[in-house]
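Colleague: My structure is in structure20.cif, and what it holds is mmCIF, C-alpha atoms:
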```
data_structure
#
loop_
_atom_site.label_atom_id
_atom_site.label_comp_id
_atom_site.auth_asym_id
_atom_site.auth_seq_id
_atom_site.Cartn_x
_atom_site.Cartn_y
_atom_site.Cartn_z
CA MET A 127 -28.17 12.00 35.44
CA VAL A 128 -25.88 10.13 33.02
CA ARG A 129 -26.89 6.56 32.22
CA THR A 130 -24.23 3.87 31.74
CA LEU A 131 -24.70 1.51 28.80
CA GLY A 132 -22.70 -1.71 28.49
CA VAL A 133 -21.36 -2.13 24.95
CA ALA A 134 -19.42 -4.85 23.13
CA VAL A 135 -17.43 -4.97 19.94
CA VAL A 136 -17.53 -8.14 17.82
CA GLY A 137 -14.65 -8.35 15.38
CA PHE A 138 -11.50 -6.38 16.11
CA GLY A 139 -9.85 -5.44 12.88
CA TRP A 140 -9.46 -1.81 11.85
CA MET A 141 -13.17 -1.08 12.04
CA GLY A 142 -13.43 -2.58 15.51
CA ARG A 143 -10.75 -0.11 16.60
CA VAL A 144 -12.68 2.75 15.00
CA HIS A 145 -15.87 1.83 16.88
CA SER A 146 -13.98 1.47 20.17
CA GLN A 147 -12.39 4.90 19.75
CA ALA A 148 -15.75 6.41 18.89
CA TYR A 149 -17.30 5.04 22.09
CA GLN A 150 -14.47 6.55 24.10
CA ARG A 151 -14.71 9.96 22.42
CA VAL A 152 -18.47 10.41 22.09
CA GLY A 153 -18.97 11.89 25.55
CA HIS A 154 -16.29 14.51 24.99
CA HIS A 155 -17.94 15.83 21.83
CA PHE A 156 -21.56 15.36 22.92
CA PRO A 157 -21.55 15.96 26.70
CA GLN A 158 -25.34 16.42 26.79
CA LEU A 159 -25.95 12.95 25.35
CA GLY A 160 -27.03 11.57 28.72
CA VAL A 161 -25.46 8.15 28.28
CA ARG A 162 -21.92 6.88 28.82
CA PRO A 163 -20.87 3.75 26.92
CA GLU A 164 -18.90 1.25 29.00
CA LEU A 165 -16.63 -1.14 27.08
CA VAL A 166 -17.69 -4.49 28.55
CA VAL A 167 -16.33 -7.16 26.20
CA VAL A 168 -14.52 -7.54 22.90
CA ALA A 169 -14.87 -10.69 20.76
CA GLU A 170 -12.24 -11.69 18.22
CA GLU A 171 -11.35 -15.19 17.05
CA VAL A 172 -7.73 -14.42 16.06
CA PRO A 173 -5.61 -15.51 19.05
CA GLY A 174 -4.29 -12.62 21.13
CA ARG A 175 -6.09 -9.85 19.26
CA ALA A 176 -8.92 -9.44 21.78
CA GLU A 177 -6.40 -9.27 24.62
CA GLU A 178 -4.51 -6.53 22.77
CA ALA A 179 -7.79 -4.65 22.34
CA ALA A 180 -8.59 -4.94 26.05
CA ALA A 181 -5.14 -3.67 27.01
CA GLN A 182 -5.38 -0.70 24.67
CA PHE A 183 -9.00 0.34 25.09
CA GLY A 184 -9.92 -0.96 28.53
CA PHE A 185 -12.52 -3.63 27.75
CA ALA A 186 -13.44 -5.42 30.96
CA SER A 187 -13.25 -8.89 29.39
CA THR A 188 -12.43 -10.76 26.19
CA THR A 189 -13.68 -13.79 24.29
CA ARG A 190 -12.99 -15.62 21.06
CA ASP A 191 -16.65 -16.65 20.71
CA TRP A 192 -19.18 -13.93 19.81
CA ARG A 193 -22.00 -16.12 21.17
CA GLU A 194 -20.77 -15.36 24.67
CA VAL A 195 -21.50 -11.69 23.94
CA ALA A 196 -25.10 -12.51 23.05
CA ALA A 197 -25.49 -14.30 26.37
CA ASP A 198 -23.76 -11.62 28.46
CA PRO A 199 -26.28 -9.72 30.64
CA ARG A 200 -23.84 -6.83 31.02
CA VAL A 201 -24.11 -6.02 27.32
CA ALA A 202 -26.95 -3.81 26.11
CA ALA A 203 -25.54 -2.77 22.73
CA VAL A 204 -23.16 -4.38 20.24
CA SER A 205 -20.94 -3.11 17.45
CA ILE A 206 -20.75 -5.74 14.72
CA THR A 207 -17.50 -5.15 12.83
CA ALA A 208 -16.79 -8.73 11.80
CA PRO A 209 -16.38 -9.76 8.12
CA ASN A 210 -19.42 -9.42 5.84
CA PHE A 211 -20.32 -13.11 5.72
CA LEU A 212 -20.89 -13.12 9.50
CA HIS A 213 -23.17 -10.08 9.62
CA ARG A 214 -26.45 -11.96 9.20
CA GLU A 215 -25.81 -14.69 11.75
CA ILE A 216 -24.40 -12.35 14.37
CA GLY A 217 -26.89 -9.56 13.71
CA VAL A 218 -29.96 -11.79 14.02
CA ALA A 219 -28.59 -13.52 17.12
CA MET A 220 -27.80 -10.24 18.87
CA ALA A 221 -31.20 -8.76 18.09
CA GLU A 222 -32.94 -11.92 19.35
CA ALA A 223 -30.86 -11.63 22.53
CA GLY A 224 -32.21 -8.11 23.01
CA LYS A 225 -29.00 -6.29 22.09
CA HIS A 226 -29.13 -3.00 20.18
CA LEU A 227 -27.06 -3.11 16.97
CA TRP A 228 -24.49 -0.81 15.42
CA ILE A 229 -23.58 -2.90 12.39
CA GLU A 230 -21.21 -2.14 9.58
CA LYS A 231 -22.37 -2.08 5.98
CA PRO A 232 -23.23 -3.91 3.80
CA VAL A 233 -25.04 -6.00 6.50
CA GLY A 234 -24.34 -9.40 4.98
CA LEU A 235 -23.75 -10.56 1.44
CA THR A 236 -27.20 -10.00 -0.11
CA ALA A 237 -30.42 -8.09 0.30
CA GLU A 238 -31.88 -11.25 1.85
CA ASP A 239 -29.20 -11.08 4.56
CA ALA A 240 -29.84 -7.41 5.25
CA ARG A 241 -33.57 -8.00 5.33
CA ALA A 242 -33.18 -10.84 7.84
CA VAL A 243 -31.29 -8.57 10.25
CA ALA A 244 -33.79 -5.74 9.70
CA GLU A 245 -36.70 -8.10 10.44
CA ALA A 246 -35.01 -9.36 13.61
CA VAL A 247 -34.50 -5.78 14.79
CA ALA A 248 -38.11 -4.87 14.04
CA LYS A 249 -39.47 -8.01 15.69
CA THR A 250 -37.51 -7.64 18.91
CA GLY A 251 -37.86 -3.85 19.21
CA VAL A 252 -34.16 -3.15 19.60
CA ARG A 253 -32.63 -0.15 17.84
CA GLY A 254 -30.28 -0.59 14.92
CA THR A 255 -27.99 1.68 12.93
CA VAL A 256 -25.64 1.03 10.01
CA GLY A 257 -22.15 2.31 9.22
CA PHE A 258 -22.98 4.61 6.31
CA ASN A 259 -20.64 7.21 7.76
CA TYR A 260 -20.13 9.52 4.78
CA ARG A 261 -23.62 10.97 5.14
CA ASN A 262 -22.42 12.34 8.51
CA ALA A 263 -19.97 14.79 6.90
CA PRO A 264 -21.22 18.33 7.63
CA ALA A 265 -20.73 19.31 3.97
CA VAL A 266 -22.97 16.42 2.90
CA ALA A 267 -25.62 17.54 5.39
CA TYR A 268 -25.38 21.06 3.95
CA ALA A 269 -25.68 19.74 0.38
CA ARG A 270 -28.82 17.88 1.36
CA GLU A 271 -30.28 21.06 2.86
CA LEU A 272 -29.60 22.99 -0.35
CA ILE A 273 -31.22 20.28 -2.46
CA ALA A 274 -34.28 19.99 -0.20
CA SER A 275 -34.76 23.76 -0.04
CA GLY A 276 -34.94 24.08 -3.81
CA GLU A 277 -31.83 26.25 -4.06
CA LEU A 278 -30.64 24.09 -6.96
CA GLY A 279 -34.04 24.02 -8.63
CA THR A 280 -35.21 20.60 -9.77
CA VAL A 281 -32.39 18.07 -9.50
CA THR A 282 -31.64 16.65 -12.93
CA HIS A 283 -28.64 14.37 -12.44
CA VAL A 284 -25.96 13.21 -10.03
CA ARG A 285 -22.58 11.55 -10.39
CA VAL A 286 -21.23 9.55 -7.42
CA ARG A 287 -17.67 8.18 -7.45
CA LEU A 288 -15.76 5.91 -5.07
CA PHE A 289 -12.26 5.16 -6.35
CA SER A 290 -9.57 3.52 -4.23
CA ASP A 291 -6.32 1.59 -4.66
CA TYR A 292 -6.59 -0.69 -1.61
CA ALA A 293 -6.69 -3.77 -3.87
CA ALA A 294 -4.60 -2.39 -6.73
CA HIS A 295 -1.41 -4.24 -5.75
CA PRO A 296 -1.24 -7.60 -7.55
CA ASP A 297 0.30 -9.13 -4.41
CA SER A 298 -2.68 -8.28 -2.21
CA ALA A 299 -3.51 -11.43 -0.25
CA LEU A 300 -6.47 -13.55 -1.35
CA THR A 301 -8.47 -12.93 1.83
CA TRP A 302 -12.19 -13.43 2.44
CA ARG A 303 -12.83 -10.10 0.69
CA TYR A 304 -12.19 -11.72 -2.70
CA GLU A 305 -14.41 -14.77 -2.21
CA ARG A 306 -18.04 -14.73 -3.29
CA ALA A 307 -19.18 -16.87 -0.34
CA ARG A 308 -17.54 -14.63 2.29
CA GLY A 309 -16.99 -11.26 0.59
CA GLY A 310 -20.17 -11.05 -1.49
CA GLY A 311 -19.96 -8.65 -4.42
CA GLY A 312 -16.48 -7.30 -3.77
CA VAL A 313 -16.34 -3.58 -4.51
CA LEU A 314 -20.15 -3.50 -4.59
CA GLY A 315 -20.39 -4.19 -0.87
CA ASP A 316 -17.16 -2.39 0.04
CA LEU A 317 -17.69 0.92 -1.76
CA ALA A 318 -20.78 0.99 -3.98
CA SER A 319 -22.93 0.39 -0.88
CA HIS A 320 -21.78 3.80 0.37
CA GLY A 321 -22.49 5.31 -3.04
CA VAL A 322 -26.05 4.00 -3.09
CA ASP A 323 -26.65 5.37 0.41
CA LEU A 324 -25.27 8.80 -0.50
CA ALA A 325 -27.38 8.89 -3.65
CA ARG A 326 -30.55 8.00 -1.74
CA PHE A 327 -29.69 10.35 1.13
CA LEU A 328 -29.41 13.25 -1.30
CA LEU A 329 -31.97 12.47 -4.01
CA GLY A 330 -34.40 9.88 -2.65
CA ASP A 331 -35.26 6.38 -3.79
CA ILE A 332 -33.74 4.71 -6.85
CA GLU A 333 -36.34 3.31 -9.24
CA SER A 334 -34.19 1.29 -11.67
CA LEU A 335 -30.60 0.81 -12.78
CA ALA A 336 -28.28 -0.68 -15.37
CA ALA A 337 -24.77 -1.81 -14.41
CA ASP A 338 -21.55 -3.26 -15.77
CA THR A 339 -18.86 -4.94 -13.65
CA ALA A 340 -15.34 -6.28 -14.13
CA VAL A 341 -12.54 -8.20 -12.41
CA PHE A 342 -9.19 -6.71 -13.46
CA ILE A 343 -6.85 -8.77 -11.23
CA PRO A 344 -8.16 -12.34 -11.68
CA GLU A 345 -5.73 -14.18 -9.35
CA ARG A 346 -4.10 -13.48 -5.99
CA ALA A 347 -1.88 -15.41 -3.58
CA ARG A 348 -3.47 -17.15 -0.61
CA PRO A 349 -2.18 -15.89 2.77
CA THR A 350 -0.22 -18.27 4.97
CA GLY A 351 -1.33 -16.78 8.30
CA ALA A 352 -3.82 -14.41 9.95
CA THR A 353 -4.50 -11.20 8.05
CA ALA A 354 -5.83 -7.76 8.92
CA GLY A 355 -6.83 -5.04 6.53
CA HIS A 356 -5.36 -5.33 3.04
CA THR A 357 -2.29 -7.49 3.65
CA LEU A 358 0.21 -8.31 0.89
CA ALA A 359 1.17 -11.95 0.26
CA THR A 360 3.81 -13.48 -2.00
CA GLY A 361 4.79 -17.05 -2.64
CA GLY A 362 1.45 -18.54 -1.66
CA GLU A 363 -0.74 -20.69 -3.87
CA LEU A 364 -2.63 -18.61 -6.41
CA GLY A 365 -6.41 -18.62 -6.27
CA PRO A 366 -9.17 -16.96 -8.30
CA VAL A 367 -10.69 -13.57 -7.44
CA GLU A 368 -14.40 -14.38 -7.44
CA ASN A 369 -15.99 -10.97 -7.00
CA GLU A 370 -15.92 -7.56 -8.60
CA ASP A 371 -13.04 -5.08 -8.75
CA TYR A 372 -15.09 -2.45 -10.57
CA VAL A 373 -18.67 -1.34 -11.21
CA ASN A 374 -20.31 1.45 -13.14
CA CYS A 375 -24.02 1.99 -12.99
CA LEU A 376 -26.72 4.19 -14.51
CA LEU A 377 -29.46 5.20 -12.07
CA ARG A 378 -33.03 6.40 -12.49
CA PHE A 379 -34.59 7.97 -9.41
CA ALA A 380 -38.26 8.02 -8.47
CA SER A 381 -38.08 11.81 -8.73
CA GLY A 382 -37.17 11.60 -12.42
CA ALA A 383 -33.51 12.49 -11.86
CA ARG A 384 -30.76 10.47 -13.49
CA GLY A 385 -27.45 9.35 -12.03
CA VAL A 386 -24.12 7.64 -12.58
CA LEU A 387 -22.39 5.65 -9.85
CA GLU A 388 -18.86 4.33 -10.36
CA ALA A 389 -16.67 2.43 -7.89
CA SER A 390 -13.29 0.73 -8.09
CA ARG A 391 -10.98 -0.93 -5.57
CA VAL A 392 -8.07 -1.24 -8.04
CA SER A 393 -7.62 2.36 -9.25
CA VAL A 394 -3.86 2.99 -9.24
CA GLY A 395 -3.20 6.59 -8.23
CA GLU A 396 -6.53 7.02 -6.43
CA GLN A 397 -6.64 7.08 -2.64
CA ASN A 398 -10.14 7.44 -1.22
CA ASN A 399 -11.36 9.56 -4.12
CA TYR A 400 -14.96 9.61 -2.98
CA GLY A 401 -17.49 12.30 -3.75
CA PHE A 402 -20.47 13.51 -5.75
CA GLU A 403 -21.70 16.17 -8.13
CA VAL A 404 -25.40 17.08 -8.03
CA HIS A 405 -26.86 19.23 -10.80
CA GLY A 406 -30.22 20.99 -10.81
CA THR A 407 -32.08 23.38 -13.10
CA LYS A 408 -30.74 26.39 -11.15
CA GLY A 409 -27.48 25.23 -9.60
CA ALA A 410 -25.11 22.50 -8.52
CA VAL A 411 -23.09 21.21 -5.54
CA PHE A 412 -19.74 19.42 -5.57
CA TRP A 413 -18.14 17.42 -2.73
CA ASP A 414 -14.81 15.61 -2.45
CA TYR A 415 -14.26 13.47 0.67
CA ARG A 416 -10.55 14.29 0.61
CA ARG A 417 -11.53 17.94 1.17
CA MET A 418 -14.24 16.98 3.61
CA GLY A 419 -14.91 20.44 4.99
CA GLU A 420 -15.49 22.11 1.62
CA LEU A 421 -18.57 22.21 -0.59
CA GLY A 422 -18.58 23.68 -4.07
CA VAL A 423 -21.84 25.59 -4.52
CA GLY A 424 -23.16 27.30 -7.62
CA HIS A 425 -26.69 28.67 -7.59
CA GLY A 426 -28.55 31.82 -8.57
CA THR A 427 -30.21 33.11 -11.74
CA SER A 428 -27.34 33.20 -14.24
CA TYR A 429 -27.68 29.66 -15.59
CA GLN A 430 -24.90 30.09 -18.13
CA ASP A 431 -21.43 31.01 -16.82
CA GLN A 432 -22.75 30.83 -13.27
CA PRO A 433 -19.84 30.94 -10.79
CA VAL A 434 -19.10 28.22 -8.25
CA SER A 435 -17.96 29.23 -4.77
CA THR A 436 -16.17 27.11 -2.19
CA VAL A 437 -18.04 27.09 1.12
CA PHE A 438 -16.01 26.09 4.17
CA VAL A 439 -18.40 24.34 6.51
CA GLY A 440 -18.61 25.47 10.10
CA PRO A 441 -20.87 25.46 13.15
CA GLY A 442 -24.44 25.21 11.94
CA HIS A 443 -23.63 22.63 9.26
CA GLY A 444 -24.54 19.15 10.47
CA GLU A 445 -22.67 18.23 13.67
CA TYR A 446 -19.56 20.30 12.88
CA GLY A 447 -19.96 22.44 16.00
CA ALA A 448 -19.37 19.42 18.23
CA PHE A 449 -15.80 19.21 16.93
CA GLN A 450 -14.58 22.65 15.93
CA PRO A 451 -15.47 26.22 16.96
CA GLY A 452 -15.01 27.91 13.60
CA ALA A 453 -15.25 27.24 9.90
CA ALA A 454 -12.43 25.64 7.88
CA ASN A 455 -10.94 23.68 10.79
CA ALA A 456 -10.42 20.14 9.53
CA MET A 457 -12.44 17.09 10.54
CA GLY A 458 -11.48 13.48 9.77
CA TYR A 459 -12.90 10.03 9.12
CA ASP A 460 -12.92 9.03 12.79
CA ASP A 461 -15.01 12.10 13.61
CA LEU A 462 -17.73 10.81 11.29
CA LYS A 463 -17.83 7.58 13.29
CA VAL A 464 -18.12 9.57 16.55
CA ILE A 465 -21.23 11.22 15.08
CA GLU A 466 -22.47 7.75 14.16
CA ALA A 467 -21.86 6.54 17.73
CA ARG A 468 -23.78 9.50 19.09
CA ASN A 469 -26.75 8.81 16.79
CA PHE A 470 -26.72 5.13 17.78
CA LEU A 471 -26.61 5.81 21.51
CA ARG A 472 -29.26 8.50 21.19
CA SER A 473 -31.49 6.03 19.32
CA VAL A 474 -31.06 3.51 22.13
CA THR A 475 -31.84 5.91 24.96
CA GLU A 476 -34.68 7.81 23.26
CA GLY A 477 -36.29 4.91 21.40
CA THR A 478 -36.31 6.85 18.13
CA SER A 479 -34.03 6.16 15.17
CA TYR A 480 -31.34 8.70 14.34
CA GLY A 481 -29.06 8.23 11.36
CA PRO A 482 -29.17 5.35 8.87
CA THR A 483 -31.33 2.38 9.84
CA LEU A 484 -31.45 -1.28 8.85
CA GLU A 485 -34.11 -0.31 6.30
CA ASP A 486 -31.51 1.91 4.63
CA ALA A 487 -29.20 -1.11 4.54
CA VAL A 488 -31.95 -3.14 2.86
CA HIS A 489 -32.42 -0.44 0.21
CA SER A 490 -28.68 -0.33 -0.45
CA ALA A 491 -28.35 -4.12 -0.62
CA THR A 492 -31.35 -4.35 -2.95
CA ALA A 493 -29.61 -1.95 -5.32
CA LEU A 494 -26.36 -3.95 -5.11
CA ASP A 495 -28.20 -7.19 -5.93
CA ALA A 496 -29.84 -5.41 -8.86
CA MET A 497 -26.42 -4.27 -10.11
CA SER A 498 -25.20 -7.86 -10.13
CA ARG A 499 -28.29 -9.05 -12.02
CA SER A 500 -28.08 -6.18 -14.46
CA ALA A 501 -24.42 -6.86 -15.24
CA ALA A 502 -25.12 -10.57 -15.76
CA GLN A 503 -28.24 -10.01 -17.87
CA ARG A 504 -27.00 -6.85 -19.61
CA THR A 505 -30.31 -5.09 -19.03
CA TRP A 506 -32.08 -2.53 -16.87
CA VAL A 507 -33.40 -3.84 -13.56
CA SER A 508 -36.29 -2.37 -11.58
CA LEU A 509 -36.00 -1.92 -7.81
CA GLY A 510 -39.75 -1.72 -7.34
#
```
Take the structure from the file and write it as structure tokens.

Modeller:
Amino acid sequence: MVRTLGVAVVGFGWMGRVHSQAYQRVGHHFPQLGVRPELVVVAEEVPGRAEEAAAQFGFASTTRDWREVAADPRVAAVSITAPNFLHREIGVAMAEAGKHLWIEKPVGLTAEDARAVAEAVAKTGVRGTVGFNYRNAPAVAYARELIASGELGTVTHVRVRLFSDYAAHPDSALTWRYERARGGGGVLGDLASHGVDLARFLLGDIESLAADTAVFIPERARPTGATAGHTLATGGELGPVENEDYVNCLLRFASGARGVLEASRVSVGEQNNYGFEVHGTKGAVFWDYRRMGELGVGHGTSYQDQPVSTVFVGPGHGEYGAFQPGAANAMGYDDLKVIEARNFLRSVTEGTSYGPTLEDAVHSATALDAMSRSAAQRTWVSLG
């Protein structure tokens, strides 16, 4: 028997669309899931946007006030895809209202924010998952298996990169993303949060770090109307960019491994250049998000001049088999969010957490806070 679960989406920018599509697709890819999400209500304060969402995706009702979602008895689970500065208030309120949470990273502006949502989830007993979607790539799952099995020997070091050009244009509008009070640490929350999660997912806890940050485009024009995504703006009053465009960070893991994490939102010529390189005493793995279904693997007994082969992931690697019947068929970003939706719904129905939890969000946010302190103090910072 398939159970129906009333879901809501709070915040309907691009990510709200992604969550809505994932809810609609999840049953097609995971027919044995045993639960069917029903799109009950969408909340969005920008006039007309919620109505557009309802017309396109079939939400039963709309509202401009997310508090109505918390009070709605039809809603059992909520996707929180609103801007970062609203995550804490909405997340805590939804958990206290007994709603299960699928919340986007970085879960607020600080580790304190993420911890508040995590504590509300733990106190009320609802399930919670976080949008660290890149760990859902089948090649990443395979890399983790190789590391855990010892195929690479003892892991010695990792390099994680997240380069993008979404803020590279000097005419990008001065939206909430560039304000400290509403956008937090800029590229730290946007991209480095994913990098920290990938690093922990693959190598375990981070013990300490040292970071440097920079703002390369110090002023942008204020928008004159509602914005979505990374809108351009010209002619408006110039205002200061308050948070980081760039971060590089040295990592020390509890295992003894070392790492480098680098992220930029203003890298001209780079479009979603995300990935990692993990080196061990007997081998290495290499992953590039833009070639999501491929994993470079080098392991054996040669050590010097050891060849690296390209493995095309297929059924048997992560959740690949739910999307394609044979290796080397392409998957995309939205597929990773379908996997995330499946893990969230499974967590709700089974009462056991699958995928990244709010505790993972706390770990990531703690590292981001430490990066900010390290850059300001020009010193190593312990995460212990």

Colleague: Where does segment 186-209 of chain A meet segment 134-157 of chain A within 9 Å, residue by residue, with the nearest atom pair and distance in Å to one decimal for each, counting only C-alpha atoms, listed by chain and rising number, as CSV?

Modeller:
```
residue,atom,partner,partner_atom,distance
A:Trp192,CA,A:Val136,CA,6.3
A:Val195,CA,A:Ala134,CA,7.2
A:Val201,CA,A:Ala134,CA,6.4
A:Ala202,CA,A:Ala134,CA,8.2
A:Ala203,CA,A:Ala134,CA,6.5
A:Val204,CA,A:Ala134,CA,4.7
A:Ser205,CA,A:Val135,CA,4.7
A:Ile206,CA,A:Val136,CA,5.1
A:Thr207,CA,A:Gly137,CA,5.0
A:Ala208,CA,A:Gly137,CA,4.2
A:Pro209,CA,A:Gly137,CA,7.6
```

Colleague: Taking a cut-off of 10 Å and counting all atoms listed in the file, can you build a table that, for each residue of segment 340-450 of chain A near segment 274-286 of chain A, reports the nearest atom pair and how far apart they are in Å (one decimal), sorted by chain then residue number, as a tab-separated table?

Modeller:
```
residue	atom	partner	partner_atom	distance
A:Asn374	CA	A:Val286	CA	10.0
A:Cys375	CA	A:Val286	CA	9.8
A:Leu376	CA	A:Arg285	CA	9.4
A:Leu377	CA	A:Val284	CA	9.0
A:Arg378	CA	A:His283	CA	9.1
A:Phe379	CA	A:His283	CA	9.2
A:Ser381	CA	A:Val281	CA	8.5
A:Gly382	CA	A:Thr282	CA	7.5
A:Ala383	CA	A:Thr282	CA	4.7
A:Arg384	CA	A:His283	CA	4.6
A:Gly385	CA	A:Val284	CA	4.6
A:Val386	CA	A:Arg285	CA	4.7
A:Leu387	CA	A:Val286	CA	4.7
A:Glu388	CA	A:Val286	CA	6.4
A:Ala389	CA	A:Val286	CA	8.5
A:Tyr400	CA	A:Val286	CA	7.7
A:Gly401	CA	A:Val286	CA	5.9
A:Phe402	CA	A:Val286	CA	4.4
A:Glu403	CA	A:Arg285	CA	5.2
A:Val404	CA	A:Val284	CA	4.4
A:His405	CA	A:His283	CA	5.4
A:Gly406	CA	A:Val281	CA	3.9
A:Thr407	CA	A:Gly279	CA	4.9
A:Lys408	CA	A:Leu278	CA	4.8
A:Gly409	CA	A:Leu278	CA	4.3
A:Ala410	CA	A:Leu278	CA	6.0
A:Val411	CA	A:Leu278	CA	8.2
A:Phe412	CA	A:Arg285	CA	9.7
A:Trp413	CA	A:Val286	CA	9.7
A:Val423	CA	A:Leu278	CA	9.3
A:Gly424	CA	A:Leu278	CA	8.2
A:His425	CA	A:Leu278	CA	6.1
A:Gly426	CA	A:Glu277	CA	7.9
```

Colleague: Find the residues near Ser479 of chain A: any atom within 9 Å, counting only C-alpha atoms, skip ones fewer than 2 places away on the same chain, and give them as a VMD selection string.

Modeller: chain A and resid 253 to 255 469 to 470 472 to 474 476 to 477 481 to 483

Colleague: Atom CA of Val373 of chain A to atom CA of Thr339 of chain A: how many Å, to one decimal?

Modeller: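 So the two atoms, atom CA of Val373 of chain A and atom CA of Thr339 of chain A, lie 4.4 Å apart.
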
Colleague: Taking the file above as input, evaluate the PyMOL selection byres ((chain A and resi 261) around 9) and report the hits as a ChimeraX atom specification.

Modeller: /A:258-260,262-267,320,323-324,327-328,462,481-482

Colleague: Dump as a tab-separated table the rows for residues of segment 279-327 of chain A within 7 Å of segment 484-502 of chain A: closest atom pair and distance in Å with one decimal, all atoms listed in the file counted, ordered by chain and rising residue number.

Modeller:
```
residue	atom	partner	partner_atom	distance
A:Leu314	CA	A:Leu494	CA	6.2
A:Ser319	CA	A:Ser490	CA	5.8
A:Val322	CA	A:Ser490	CA	5.7
A:Asp323	CA	A:Ser490	CA	6.1
```

Colleague: Kindly indicate which residue among A:Ala359, A:Ala380, A:Ala456, A:Ala269 lies nearest to Ile332 of chain A, using all atoms listed in the file for the distances.

Modeller: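 Between A:Ala359, A:Ala380, A:Ala456, A:Ala269, the residue approaching Ile332 of chain A most closely is A:Ala380.
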
Colleague: Measuring atom to atom with all atoms listed in the file, identify which of A:Val133, A:Val464, A:Leu317, A:Val218 is nearest to Glu164 of chain A.

Modeller: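 Among the listed residues, A:Val133 lies closest to Glu164 of chain A.
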
Colleague: Using only C-alpha atoms, find the one residue out of A:Thr475, A:Glu333, A:Glu345, A:Ser435 that sits nearest to Gly510 of chain A.

Modeller: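 Answer, going by the shortest atom-to-atom distance: A:Glu333.
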
Colleague: Could you list, as a list in words, every residue matched by the PyMOL selection byres ((chain A and resi 221-225) around 7) in this structure?

Modeller: Ala196, Ala202, Ala203, Val204, Gly217, Val218, Ala219, Met220, His226, Leu227, Ala246, Val247, Thr250 and Val252 of chain A

Colleague: For each of A:Gln503, A:Ser298, A:Gln158, A:Gln450, take the minimum atom-to-atom distance to Arg468 of chain A, counting only C-alpha atoms, then give the residue where this is smallest.

Modeller: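 Smallest separation from Arg468 of chain A among the options: A:Gln158.
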
Colleague: Apply the PyMOL selection byres ((chain A and resi 309) around 10) to the file shown and report the selected residues as a ChimeraX atom specification.

Modeller: /A:209-212,234-235,301-308,310-316,368-370

Colleague: Quick one: everything within 8 Å of Arg162 of chain A, counting only C-alpha atoms, minus sequence neighbours fewer than 3 positions away in the same chain. Send it as number ranges by chain.

Modeller: A: 128-131, 153

Colleague: Write segment 452-461 of chain A as a JSON list (two decimals), keeping the file's coordinate frame, completed to N, CA, C and O atoms.

Modeller:
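Produced file part10.json, reproduced below:
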```
[["chain", "number", "residue", "atom", "x", "y", "z"],
["A", 452, "GLY", "N", -14.91, 26.99, 14.72],
["A", 452, "GLY", "CA", -15.01, 27.91, 13.60],
["A", 452, "GLY", "C", -14.81, 27.22, 12.28],
["A", 452, "GLY", "O", -14.19, 26.13, 12.20],
["A", 453, "ALA", "N", -15.31, 27.83, 11.23],
["A", 453, "ALA", "CA", -15.25, 27.24, 9.90],
["A", 453, "ALA", "C", -13.82, 26.98, 9.44],
["A", 453, "ALA", "O", -12.88, 27.66, 9.86],
["A", 454, "ALA", "N", -13.68, 25.99, 8.56],
["A", 454, "ALA", "CA", -12.43, 25.64, 7.88],
["A", 454, "ALA", "C", -11.43, 24.90, 8.75],
["A", 454, "ALA", "O", -10.33, 24.60, 8.30],
["A", 455, "ASN", "N", -11.77, 24.60, 10.01],
["A", 455, "ASN", "CA", -10.94, 23.68, 10.79],
["A", 455, "ASN", "C", -11.27, 22.25, 10.34],
["A", 455, "ASN", "O", -12.43, 21.88, 10.19],
["A", 456, "ALA", "N", -10.23, 21.45, 10.15],
["A", 456, "ALA", "CA", -10.42, 20.14, 9.53],
["A", 456, "ALA", "C", -11.08, 19.13, 10.46],
["A", 456, "ALA", "O", -10.81, 19.10, 11.66],
["A", 457, "MET", "N", -11.93, 18.29, 9.89],
["A", 457, "MET", "CA", -12.44, 17.09, 10.54],
["A", 457, "MET", "C", -11.89, 15.88, 9.79],
["A", 457, "MET", "O", -11.37, 16.00, 8.68],
["A", 458, "GLY", "N", -12.00, 14.69, 10.40],
["A", 458, "GLY", "CA", -11.48, 13.48, 9.77],
["A", 458, "GLY", "C", -12.47, 12.34, 9.81],
["A", 458, "GLY", "O", -13.57, 12.45, 10.35],
["A", 459, "TYR", "N", -12.05, 11.21, 9.22],
["A", 459, "TYR", "CA", -12.90, 10.03, 9.12],
["A", 459, "TYR", "C", -13.41, 9.58, 10.49],
["A", 459, "TYR", "O", -14.61, 9.30, 10.66],
["A", 460, "ASP", "N", -12.52, 9.51, 11.47],
["A", 460, "ASP", "CA", -12.92, 9.03, 12.79],
["A", 460, "ASP", "C", -13.99, 9.92, 13.42],
["A", 460, "ASP", "O", -14.81, 9.44, 14.21],
["A", 461, "ASP", "N", -13.98, 11.20, 13.09],
["A", 461, "ASP", "CA", -15.01, 12.10, 13.61],
["A", 461, "ASP", "C", -16.40, 11.70, 13.08],
["A", 461, "ASP", "O", -17.40, 11.82, 13.81]]
```
